[in-house]
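Asks: Have a look at the structure that comes next, please.
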Amino acid sequence: MKGWMVELPWPSRTGNRAVRHAGGRHYLSKEAAAYRDAVRRDLDRVRMADRRLAGPYHVELVLQPPDARARDGDNLEKVLWDAIVKAGMLVDDSNKVLPSITRRWVEPGKPGSILVIGKEI
């Protein structure tokens with residue numbers, strides 16, 4: 001596979017509100033678990049789940065938030081990559097699989113979405 005493109009939903013929770021750590025374990029919020037399920041369904045629909053792509057890939061993220069509020073892209077990406085890896089599309093989100101990632105913000109839209117474009121390098 002030389003490249004791929006998938007459109008995914010905007011997560012309702014990111015960062016510390018999505019994953020908590022306590023006692024050496026991590027816990028997903030209900031919203032984060034629901035987001036993982038939604039990503040899995042979308043990847044199943046376009047036959048990208050369980051591909052176990054190993055890259056290396058350059059990935060461009062086109063982020064269309066649901067509103068004009070300021071966002072922390074790093075926190076958003078953590079939830080996104082965890083959901084994609086959990087769905088089985090990528091073997092992991094390490095620097096070996098994703099050595100190059102660019103992020104581009106576009107005008108807000110309803111509902112928010114994330115376009116993930118990967119090209120093998």
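Order determines the names: the first chain of the structure tokens is A, the second B, and so forth; residues in each chain are numbered 1 upward, and ligands are numbered 1 upward as they are shown.
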Could you tell me, as a list in words, which residues of stretch 39-73 of chain A DSSP assigns to helix (DSSP H, G or I) when given the backbone?
Replies: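 Across stretch 39-73 of chain A, those assigned helix (DSSP H, G or I) are Val39, Arg40, Arg41, Asp42, Leu43, Asp44, Arg45 and Gly73 of chain A.
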Asks: Let's have the selection written as a short mmCIF file (atom, residue, chain, number, x, y, z; two decimals), in the first residue's frame, with N, CA and C atoms.
Replies:
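Result file follows (again-v7.cif):
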data_model
loop_
_atom_site.label_atom_id
_atom_site.label_comp_id
_atom_site.auth_asym_id
_atom_site.auth_seq_id
_atom_site.Cartn_x
_atom_site.Cartn_y
_atom_site.Cartn_z
N VAL A 39 -14.10 5.51 15.80
CA VAL A 39 -12.98 5.40 14.85
C VAL A 39 -12.93 3.99 14.28
N ARG A 40 -13.11 2.99 15.11
CA ARG A 40 -13.10 1.60 14.64
C ARG A 40 -14.20 1.38 13.59
N ARG A 41 -15.39 1.88 13.86
CA ARG A 41 -16.51 1.73 12.90
C ARG A 41 -16.19 2.42 11.58
N ASP A 42 -15.63 3.64 11.65
CA ASP A 42 -15.29 4.35 10.43
C ASP A 42 -14.20 3.64 9.64
N LEU A 43 -13.20 3.11 10.35
CA LEU A 43 -12.12 2.38 9.67
C LEU A 43 -12.63 1.06 9.10
N ASP A 44 -13.54 0.40 9.80
CA ASP A 44 -14.17 -0.82 9.26
C ASP A 44 -14.92 -0.51 7.97
N ARG A 45 -15.65 0.61 7.99
CA ARG A 45 -16.47 0.99 6.84
C ARG A 45 -15.62 1.18 5.58
N GLY A 73 -3.23 20.83 19.84
CA GLY A 73 -3.07 19.77 18.84
C GLY A 73 -2.41 18.52 19.37
#
Asks: Restricting the calculation to only C-alpha atoms: of A:Ile121, A:Ala49, A:Val59, A:Ala83, which residue gets closest to A:Trp10?
Replies: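 Once distances to A:Trp10 are computed over only C-alpha atoms, the minimum belongs to A:Ala83.
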Asks: Under the rule that only C-alpha atoms are counted, which of A:Val62, A:Leu115, A:Leu53, A:Ala32 is the nearest residue to A:Gly3?
Replies: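 That would be A:Leu53, the residue with the smallest distance to A:Gly3.
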Asks: Can you tell me, as a PyMOL selection string, what residues are no more than 12 Å from A:Asn95 when counting only C-alpha atoms, ignoring any on the same chain fewer than 2 positions away?
Replies: chain A and resi 54-59+91-93+97-101
Asks: Within 9 Å of A:Trp105, counting only C-alpha atoms, which residues show up once you throw out same-chain ones fewer than 2 positions away? Write them as a list of chain:residue names, please.
Replies: A:Leu61, A:Val62, A:Leu63, A:Gln64, A:Pro65, A:Arg103, A:Glu107, A:Pro108
Asks: With a distance cut-off of 7 Å and only C-alpha atoms, select the neighbouring residues of A:Gly88, excluding the residue or stretch itself and same-chain residues fewer than 6 positions from it, and output the selection as an NGL selection string.
Replies: :A and (49-52)
Asks: Those same residues - N, CA, C and O atoms - I'd like them written as an mmCIF file, in the first residue's frame.
Replies:
data_model
loop_
_atom_site.group_PDB
_atom_site.id
_atom_site.type_symbol
_atom_site.label_atom_id
_atom_site.label_comp_id
_atom_site.auth_asym_id
_atom_site.auth_seq_id
_atom_site.Cartn_x
_atom_site.Cartn_y
_atom_site.Cartn_z
ATOM 1 N N ALA A 49 -9.467 -0.941 9.011
ATOM 2 C CA ALA A 49 -9.216 -1.537 10.326
ATOM 3 C C ALA A 49 -8.476 -2.856 10.135
ATOM 4 O O ALA A 49 -8.614 -3.525 9.112
ATOM 5 N N ASP A 50 -7.676 -3.215 11.107
ATOM 6 C CA ASP A 50 -6.924 -4.468 11.122
ATOM 7 C C ASP A 50 -5.940 -4.616 9.962
ATOM 8 O O ASP A 50 -5.547 -5.723 9.619
ATOM 9 N N ARG A 51 -5.506 -3.524 9.384
ATOM 10 C CA ARG A 51 -4.496 -3.572 8.314
ATOM 11 C C ARG A 51 -3.100 -3.793 8.878
ATOM 12 O O ARG A 51 -2.254 -4.354 8.217
ATOM 13 N N ARG A 52 -2.842 -3.265 10.070
ATOM 14 C CA ARG A 52 -1.539 -3.378 10.732
ATOM 15 C C ARG A 52 -0.424 -2.807 9.854
ATOM 16 O O ARG A 52 0.618 -3.416 9.646
#
Asks: Which residue out of A:Val79, A:Ala70, A:Met48, A:Leu28 has the minimum interatomic distance to A:Ile114 when only C-alpha atoms are used?
Replies: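 Ranking A:Val79, A:Ala70, A:Met48, A:Leu28 by distance to A:Ile114, first place goes to A:Val79.
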Asks: Using backbone DSSP assignments, extract all strand (DSSP E) residues from stretch 10-112 of chain A; output them as a compact mmCIF listing (two decimals) with C-alpha atoms, in the first residue's frame.
Replies:
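Below you can see selection05.txt, which holds the result:
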# COMPACT_ATOMS: atom_id res chain seq x y z
CA VAL A 19 -7.13 9.18 29.78
CA ARG A 20 -6.34 9.14 33.48
CA HIS A 21 -3.49 7.37 35.24
CA ALA A 22 -3.63 5.97 38.76
CA ARG A 25 -2.88 1.79 35.31
CA HIS A 26 -4.64 4.02 32.84
CA TYR A 27 -8.36 4.55 32.56
CA LEU A 28 -10.35 5.79 29.59
CA TYR A 57 4.64 7.00 6.56
CA HIS A 58 4.51 10.74 6.26
CA VAL A 59 1.11 11.76 7.59
CA GLU A 60 -0.76 14.99 7.07
CA LEU A 61 -3.57 15.78 9.50
CA VAL A 62 -6.21 18.20 8.27
CA LEU A 63 -8.07 19.29 11.38
CA GLN A 64 -11.50 20.91 11.11
CA SER A 100 6.92 12.64 9.76
CA ILE A 101 3.61 14.24 10.75
CA THR A 102 2.29 17.63 9.67
CA ARG A 103 -0.79 19.28 11.11
CA ARG A 104 -2.98 21.78 9.27
CA TRP A 105 -5.97 23.56 10.83
Asks: I'd like the interatomic distance between atom CA of A:Lys110 and atom CA of A:Ala33, to a tenth of an Å.
Replies: 21.7 Å
Asks: How many Å lie between atom CA of A:Pro11 and atom CA of A:Ser94, rounded to one decimal?
Replies: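 Those two atoms sit 20.9 Å apart.
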